[in-house]
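Asks: Input file: entry-v6.txt. Contents: compact mmCIF, C-alpha atoms.
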# COMPACT_ATOMS: atom_id res chain seq x y z
CA MET M 99 96.47 55.32 128.08
CA ILE M 100 98.55 52.44 129.39
CA VAL M 101 101.05 50.59 127.20
CA PHE M 102 101.38 46.98 128.35
CA PRO M 103 104.47 45.24 126.95
CA ALA M 104 103.69 41.53 126.68
CA ILE M 105 105.61 38.50 127.89
CA ASP M 106 104.06 35.26 126.63
CA LEU M 107 105.43 32.12 128.25
CA LYS M 108 105.83 28.72 126.63
CA GLY M 109 108.03 26.12 128.27
CA GLY M 110 109.60 28.84 130.42
CA GLU M 111 110.67 30.85 127.38
CA VAL M 112 109.55 34.22 126.06
CA VAL M 113 107.65 33.65 122.82
CA ARG M 114 105.09 35.18 120.48
CA LEU M 115 102.51 33.16 118.60
CA ALA M 116 100.98 33.85 115.21
CA GLU M 117 97.17 33.92 115.42
CA GLY M 118 97.31 32.04 118.72
CA ASP M 119 98.81 28.93 117.10
CA MET M 120 101.17 27.13 119.50
CA ALA M 121 102.86 25.49 116.51
CA ARG M 122 103.78 28.93 115.17
CA ALA M 123 105.78 30.21 118.12
CA THR M 124 108.82 32.46 117.77
CA VAL M 125 111.22 32.34 120.73
CA TYR M 126 112.63 35.71 121.82
CA GLY M 127 114.46 34.71 124.98
CA ASP M 128 114.92 32.21 127.77
CA ASN M 129 114.97 34.63 130.71
CA PRO M 130 111.50 36.13 131.29
CA ALA M 131 112.60 38.03 134.41
CA ALA M 132 115.41 39.75 132.51
CA GLN M 133 112.95 40.71 129.78
CA ALA M 134 110.59 42.17 132.38
CA LEU M 135 113.43 44.25 133.79
CA LEU M 136 114.30 45.57 130.32
CA PHE M 137 110.72 46.72 129.87
CA ALA M 138 110.84 48.43 133.26
CA GLU M 139 114.07 50.21 132.33
CA ALA M 140 112.32 51.52 129.20
CA GLY M 141 109.66 53.11 131.38
CA ALA M 142 106.95 50.45 131.58
CA GLN M 143 104.89 50.54 134.75
CA HIS M 144 102.52 47.76 133.64
CA LEU M 145 103.24 44.34 132.20
CA HIS M 146 100.97 41.80 130.53
CA VAL M 147 102.00 38.17 131.06
CA VAL M 148 100.36 35.08 129.56
CA ASP M 149 100.98 31.47 130.56
CA LEU M 150 100.32 30.02 127.11
CA ASP M 151 100.77 26.44 128.24
CA GLY M 152 98.35 27.15 131.06
CA SER M 153 95.75 28.44 128.60
CA PHE M 154 95.52 24.99 127.07
CA ALA M 155 96.05 22.96 130.24
CA GLY M 156 93.60 24.95 132.37
CA ARG M 157 96.14 25.31 135.17
CA ALA M 158 99.44 27.09 135.82
CA GLU M 159 102.28 25.64 133.76
CA ASN M 160 104.86 28.44 133.97
CA ARG M 161 104.57 29.39 137.61
CA GLU M 162 108.32 29.59 138.23
CA ALA M 163 108.76 32.03 135.36
CA VAL M 164 105.83 34.15 136.55
CA GLU M 165 107.26 34.26 140.07
CA ALA M 166 110.58 35.44 138.67
CA ILE M 167 108.87 38.15 136.63
CA VAL M 168 106.92 39.44 139.64
CA ALA M 169 110.10 39.54 141.70
CA ALA M 170 112.00 41.45 139.00
CA PHE M 171 109.37 43.89 137.74
CA PRO M 172 108.77 46.94 139.98
CA GLY M 173 105.36 47.82 138.52
CA TYR M 174 102.01 46.12 138.04
CA VAL M 175 101.80 42.65 136.50
CA GLN M 176 98.62 41.50 134.77
CA LEU M 177 98.44 37.72 134.24
CA GLY M 178 96.30 35.41 132.14
CA GLY M 179 96.34 31.78 131.09
CA GLY M 180 94.38 28.88 132.54
CA ILE M 181 93.12 30.69 135.66
CA ARG M 182 89.81 28.96 136.26
CA THR M 183 89.39 28.24 139.98
CA PRO M 184 89.05 30.37 143.14
CA GLU M 185 92.22 28.78 144.46
CA ALA M 186 94.17 29.77 141.35
CA VAL M 187 92.90 33.35 141.52
CA ALA M 188 93.73 33.66 145.21
CA GLY M 189 97.16 32.11 144.70
CA TRP M 190 98.18 34.62 142.06
CA PHE M 191 96.99 37.60 144.07
CA ASP M 192 98.89 36.27 147.07
CA LEU M 193 102.01 36.13 144.88
CA GLY M 194 101.67 39.79 144.01
CA ILE M 195 99.85 39.76 140.68
CA ALA M 196 97.95 43.04 140.29
CA ARG M 197 95.21 41.83 137.94
CA VAL M 198 94.07 38.42 136.75
CA VAL M 199 92.81 37.92 133.20
CA MET M 200 90.05 35.37 132.64
CA GLY M 201 88.83 34.31 129.20
CA SER M 202 87.58 30.74 128.88
CA ALA M 203 86.09 30.91 132.37
CA ALA M 204 84.28 34.12 131.48
CA LEU M 205 82.42 32.41 128.64
CA LYS M 206 81.82 29.04 130.28
CA ASN M 207 81.30 30.07 133.91
CA PRO M 208 80.41 33.78 133.99
CA GLU M 209 78.93 33.67 137.50
CA PHE M 210 82.27 32.45 138.84
CA VAL M 211 84.06 35.34 137.16
CA LYS M 212 81.51 37.81 138.55
CA ASP M 213 82.03 36.34 142.02
CA MET M 214 85.79 36.85 141.66
CA ALA M 215 85.27 40.41 140.44
CA ARG M 216 83.19 41.18 143.52
CA GLU M 217 85.73 39.55 145.84
CA TYR M 218 88.77 41.16 144.24
CA GLU M 219 87.55 44.64 143.40
CA GLY M 220 89.44 46.10 140.46
CA GLY M 221 91.45 42.93 140.06
CA ILE M 222 89.67 40.93 137.37
CA VAL M 223 90.04 41.52 133.63
CA VAL M 224 87.77 39.68 131.20
CA ALA M 225 89.47 38.60 127.98
CA VAL M 226 87.18 38.90 124.98
CA ASP M 227 89.10 37.16 122.21
CA ALA M 228 87.51 37.35 118.79
CA ARG M 229 87.77 35.45 115.56
CA ASP M 230 85.46 36.89 112.89
CA GLY M 231 83.47 38.65 115.60
CA MET M 232 82.84 35.52 117.70
CA VAL M 233 84.38 34.69 121.06
CA ALA M 234 87.22 32.14 121.05
CA THR M 235 88.30 30.12 124.10
CA GLU M 236 90.69 27.38 125.28
CA GLY M 237 93.78 29.27 124.19
CA TRP M 238 91.88 30.35 121.06
CA ALA M 239 91.61 26.73 119.92
CA GLU M 240 87.79 26.81 120.06
CA VAL M 241 85.42 29.38 118.54
CA SER M 242 82.00 29.83 120.13
CA ASP M 243 78.73 31.07 118.66
CA VAL M 244 78.68 34.05 121.06
CA PRO M 245 79.23 37.51 119.53
CA VAL M 246 81.93 39.57 121.23
CA VAL M 247 79.62 42.43 122.22
CA ASP M 248 77.07 40.04 123.74
CA MET M 249 79.71 38.45 125.96
CA ALA M 250 81.13 41.81 126.98
CA ARG M 251 77.72 43.09 128.02
CA ARG M 252 77.27 40.15 130.38
CA PHE M 253 79.87 41.71 132.64
CA GLU M 254 78.53 45.23 132.86
CA ASP M 255 77.81 46.13 136.49
CA ALA M 256 79.79 43.05 137.57
CA GLY M 257 82.76 45.04 138.84
CA VAL M 258 85.37 43.81 136.36
CA ALA M 259 88.28 46.19 135.93
CA SER M 260 88.40 46.08 132.14
CA LEU M 261 87.88 44.05 128.99
CA LEU M 262 90.88 42.79 127.05
CA PHE M 263 89.88 42.66 123.39
CA THR M 264 92.06 40.69 120.98
CA ASP M 265 91.50 40.27 117.26
CA ILE M 266 93.04 36.81 116.87
CA GLY M 267 93.33 37.12 113.11
CA ARG M 268 95.87 39.91 113.61
CA ASP M 269 97.67 38.69 116.73
CA GLY M 270 101.39 38.23 116.28
CA LEU M 271 101.26 39.15 112.59
CA LEU M 272 102.12 42.88 112.70
CA LYS M 273 99.08 43.64 110.54
CA GLY M 274 98.07 46.62 112.63
CA CYS M 275 95.66 46.79 115.54
CA ASN M 276 91.94 46.57 114.76
CA VAL M 277 91.28 50.05 116.10
CA ASP M 278 87.78 50.33 114.65
CA ALA M 279 86.55 47.11 116.29
CA THR M 280 88.20 48.06 119.58
CA VAL M 281 86.57 51.50 119.62
CA ASP M 282 83.20 50.03 118.61
CA LEU M 283 83.39 47.62 121.55
CA ALA M 284 84.40 50.39 123.96
CA ARG M 285 81.42 52.47 122.82
CA SER M 286 79.07 49.51 123.30
CA VAL M 287 79.87 48.84 126.96
CA ASP M 288 80.54 50.78 130.14
CA ILE M 289 83.74 48.85 130.89
CA PRO M 290 87.19 50.18 129.89
CA VAL M 291 88.76 48.24 126.99
CA ILE M 292 92.37 47.17 126.45
CA ALA M 293 93.35 46.71 122.80
CA SER M 294 95.44 43.74 121.72
CA GLY M 295 96.47 41.95 118.57
CA GLY M 296 98.55 43.07 115.60
CA VAL M 297 100.14 46.28 116.88
CA LYS M 298 102.87 47.08 114.37
CA GLY M 299 104.05 50.58 115.19
CA LEU M 300 103.47 54.06 116.54
CA ASP M 301 100.50 54.70 114.26
CA ASP M 302 98.52 52.08 116.19
CA ILE M 303 99.45 53.69 119.50
CA ARG M 304 98.54 57.15 118.19
CA MET M 305 95.13 56.09 116.84
CA LEU M 306 94.22 54.31 120.06
CA ALA M 307 95.37 57.25 122.16
CA ILE M 308 93.22 59.60 120.08
CA ASN M 309 90.24 57.41 121.01
CA ALA M 310 91.17 56.94 124.65
CA ASP M 311 88.22 59.07 125.76
CA GLU M 312 85.88 56.52 124.14
CA GLY M 313 86.90 54.05 126.84
CA ILE M 314 90.27 52.72 125.67
CA GLU M 315 92.27 52.01 128.82
CA GLY M 316 95.39 50.64 127.20
CA VAL M 317 97.10 48.59 124.52
CA ILE M 318 99.14 45.39 124.64
CA THR M 319 102.11 45.02 122.33
CA GLY M 320 104.60 42.20 121.93
CA ARG M 321 106.11 41.22 118.60
CA ALA M 322 106.54 44.83 117.44
CA LEU M 323 108.73 45.44 120.50
CA TYR M 324 110.74 42.25 120.16
CA GLU M 325 111.43 42.85 116.49
CA GLY M 326 112.41 46.50 116.91
CA LYS M 327 109.46 47.95 115.02
CA LEU M 328 108.20 49.85 118.06
CA ASP M 329 110.26 51.65 120.68
CA LEU M 330 108.64 51.16 124.07
CA ALA M 331 109.71 54.47 125.59
CA THR M 332 108.42 56.38 122.56
CA ALA M 333 105.15 54.44 122.63
CA ILE M 334 104.63 55.21 126.31
CA ALA M 335 105.30 58.91 125.70
CA MET M 336 102.82 59.00 122.83
CA ALA M 337 100.17 57.19 124.88
CA ASN M 338 100.50 59.77 127.63
CA ARG M 339 100.10 62.86 125.44
Take the structure in this file and express it as structure tokens.

Replies:
Amino acid sequence: MIVFPAIDLKGGEVVRLAEGDMARATVYGDNPAAQALLFAEAGAQHLHVVDLDGSFAGRAENREAVEAIVAAFPGYVQLGGGIRTPEAVAGWFDLGIARVVMGSAALKNPEFVKDMAREYEGGIVVAVDARDGMVATEGWAEVSDVPVVDMARRFEDAGVASLLFTDIGRDGLLKGCNVDATVDLARSVDIPVIASGGVKGLDDIRMLAINADEGIEGVITGRALYEGKLDLATAIAMANR
């Protein structure tokens, strides 16, 4: 199972939000590339990066920071946030991004996302962000009337690399990952699932790793790392047992 340390970007800084609320951002640094290098030195081979400003604007807003991260990090960088056009997708792959995460576009323009998944085999991740079991979009500012499982099933046989499932009500709050909901989703679809939202310590990593055979590809963690509640090297070792 892959552990993805997270770098969320707001105004060029490394931040974490509480429940996806831009007004509740905690700043953890002003050098995203240096943070990426620290994660690499701890053993990370994958990195999850989000352009938070881009999620709301619908276009890249932290491109310079992302470029610096890609240049500094020796592994695979997965990027999300406002990527909603073929030109944007192509531009990020040309830069060296390994996988592009699409959320709002997946709900509002699923055929476009399927087209991208076919064009960039293994390169597209669909973000399925949930609030009370319903899909949220536009940087989590809007909640749809589409159940999470229904949206996820739209992309079976579409060639997407994985589903990124986030329980917004836990994100950035260190409440613990919603392991049950993540496993339920993984059992409901034939697409690997990445867990996200609320990871608070090694117990979350252990429980997800135990269920990896159910279709759990990985887990994203941010605040727990930044606040010293989770050691990245230990988490990676546990995930690989």

Asks: Choose the residue, out of M:Val148, M:Val101, M:Gly110, M:Ala158, that has the smallest atom-to-atom separation from Leu300 in chain M; count all atoms listed in the file.

Replies: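 Of M:Val148, M:Val101, M:Gly110, M:Ala158, the one nearest Leu300 in chain M, counting all atoms listed in the file, is M:Val101.
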
Asks: Which residue, M:Asp119, M:Lys108, M:Phe191, M:Glu165, has the smallest gap to Gly179 in chain M when you use only C-alpha atoms?

Replies: M:Lys108

Asks: Which is closer to Gly156 in chain M than all the others in M:Met200, M:Val168, M:Ala188, M:Leu115, using all atoms listed in the file?

Replies: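 For Gly156 in chain M, the nearest of the given residues is M:Met200.
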
Asks: When you look at Leu177 in chain M with a cut-off of 9 Å (counting all atoms listed in the file), what residues show up, excluding the ones that are within fewer than 4 positions of it in the same chain? I need them as a PyMOL selection string.

Replies: chain M and resi 145-149+164+181+190+195-200

Asks: Mind checking which residues fall within 12 Å of Gly326 in chain M, counting only C-alpha atoms, ignoring those fewer than 2 positions away in the same chain, and posting them as a PyMOL selection string?

Replies: chain M and resi 126+272+298-300+319-324+328-330

Asks: Using C-alpha atoms, can you write the selected residues to a file as a PDB file, in the frame of the given file?

Replies:
ATOM      1  CA  TYR M 126     112.630  35.710 121.820  1.00  0.00           C
ATOM      2  CA  LEU M 272     102.120  42.880 112.700  1.00  0.00           C
ATOM      3  CA  LYS M 298     102.870  47.080 114.370  1.00  0.00           C
ATOM      4  CA  GLY M 299     104.050  50.580 115.190  1.00  0.00           C
ATOM      5  CA  LEU M 300     103.470  54.060 116.540  1.00  0.00           C
ATOM      6  CA  THR M 319     102.110  45.020 122.330  1.00  0.00           C
ATOM      7  CA  GLY M 320     104.600  42.200 121.930  1.00  0.00           C
ATOM      8  CA  ARG M 321     106.110  41.220 118.600  1.00  0.00           C
ATOM      9  CA  ALA M 322     106.540  44.830 117.440  1.00  0.00           C
ATOM     10  CA  LEU M 323     108.730  45.440 120.500  1.00  0.00           C
ATOM     11  CA  TYR M 324     110.740  42.250 120.160  1.00  0.00           C
ATOM     12  CA  LEU M 328     108.200  49.850 118.060  1.00  0.00           C
ATOM     13  CA  ASP M 329     110.260  51.650 120.680  1.00  0.00           C
ATOM     14  CA  LEU M 330     108.640  51.160 124.070  1.00  0.00           C
TER      15      LEU M 330
END

Asks: When you count all atoms listed in the file, which of these residues is closest to Thr124 in chain M: M:Ala333, M:Glu325, M:Leu261, M:Arg216?

Replies: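 Among the listed residues, the smallest separation from Thr124 in chain M belongs to M:Glu325.
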
Asks: Near Gly180 in chain M, counting all atoms listed in the file, which residues have an atom at most 7 Å away, once you skip same-chain residues fewer than 2 positions from it, shown as number ranges by chain?

Replies: M: 152-158, 178, 182

Asks: Would you kindly return, as an MDAnalysis selection string, each protein, DNA or RNA residue with an atom no farther than 12 Å from any atom of Pro208 in chain M, considering only C-alpha atoms and excluding same-chain residues fewer than 2 positions away?

Replies: chainID M and resid 182 200:206 210:215 224:225 249:254 256 258
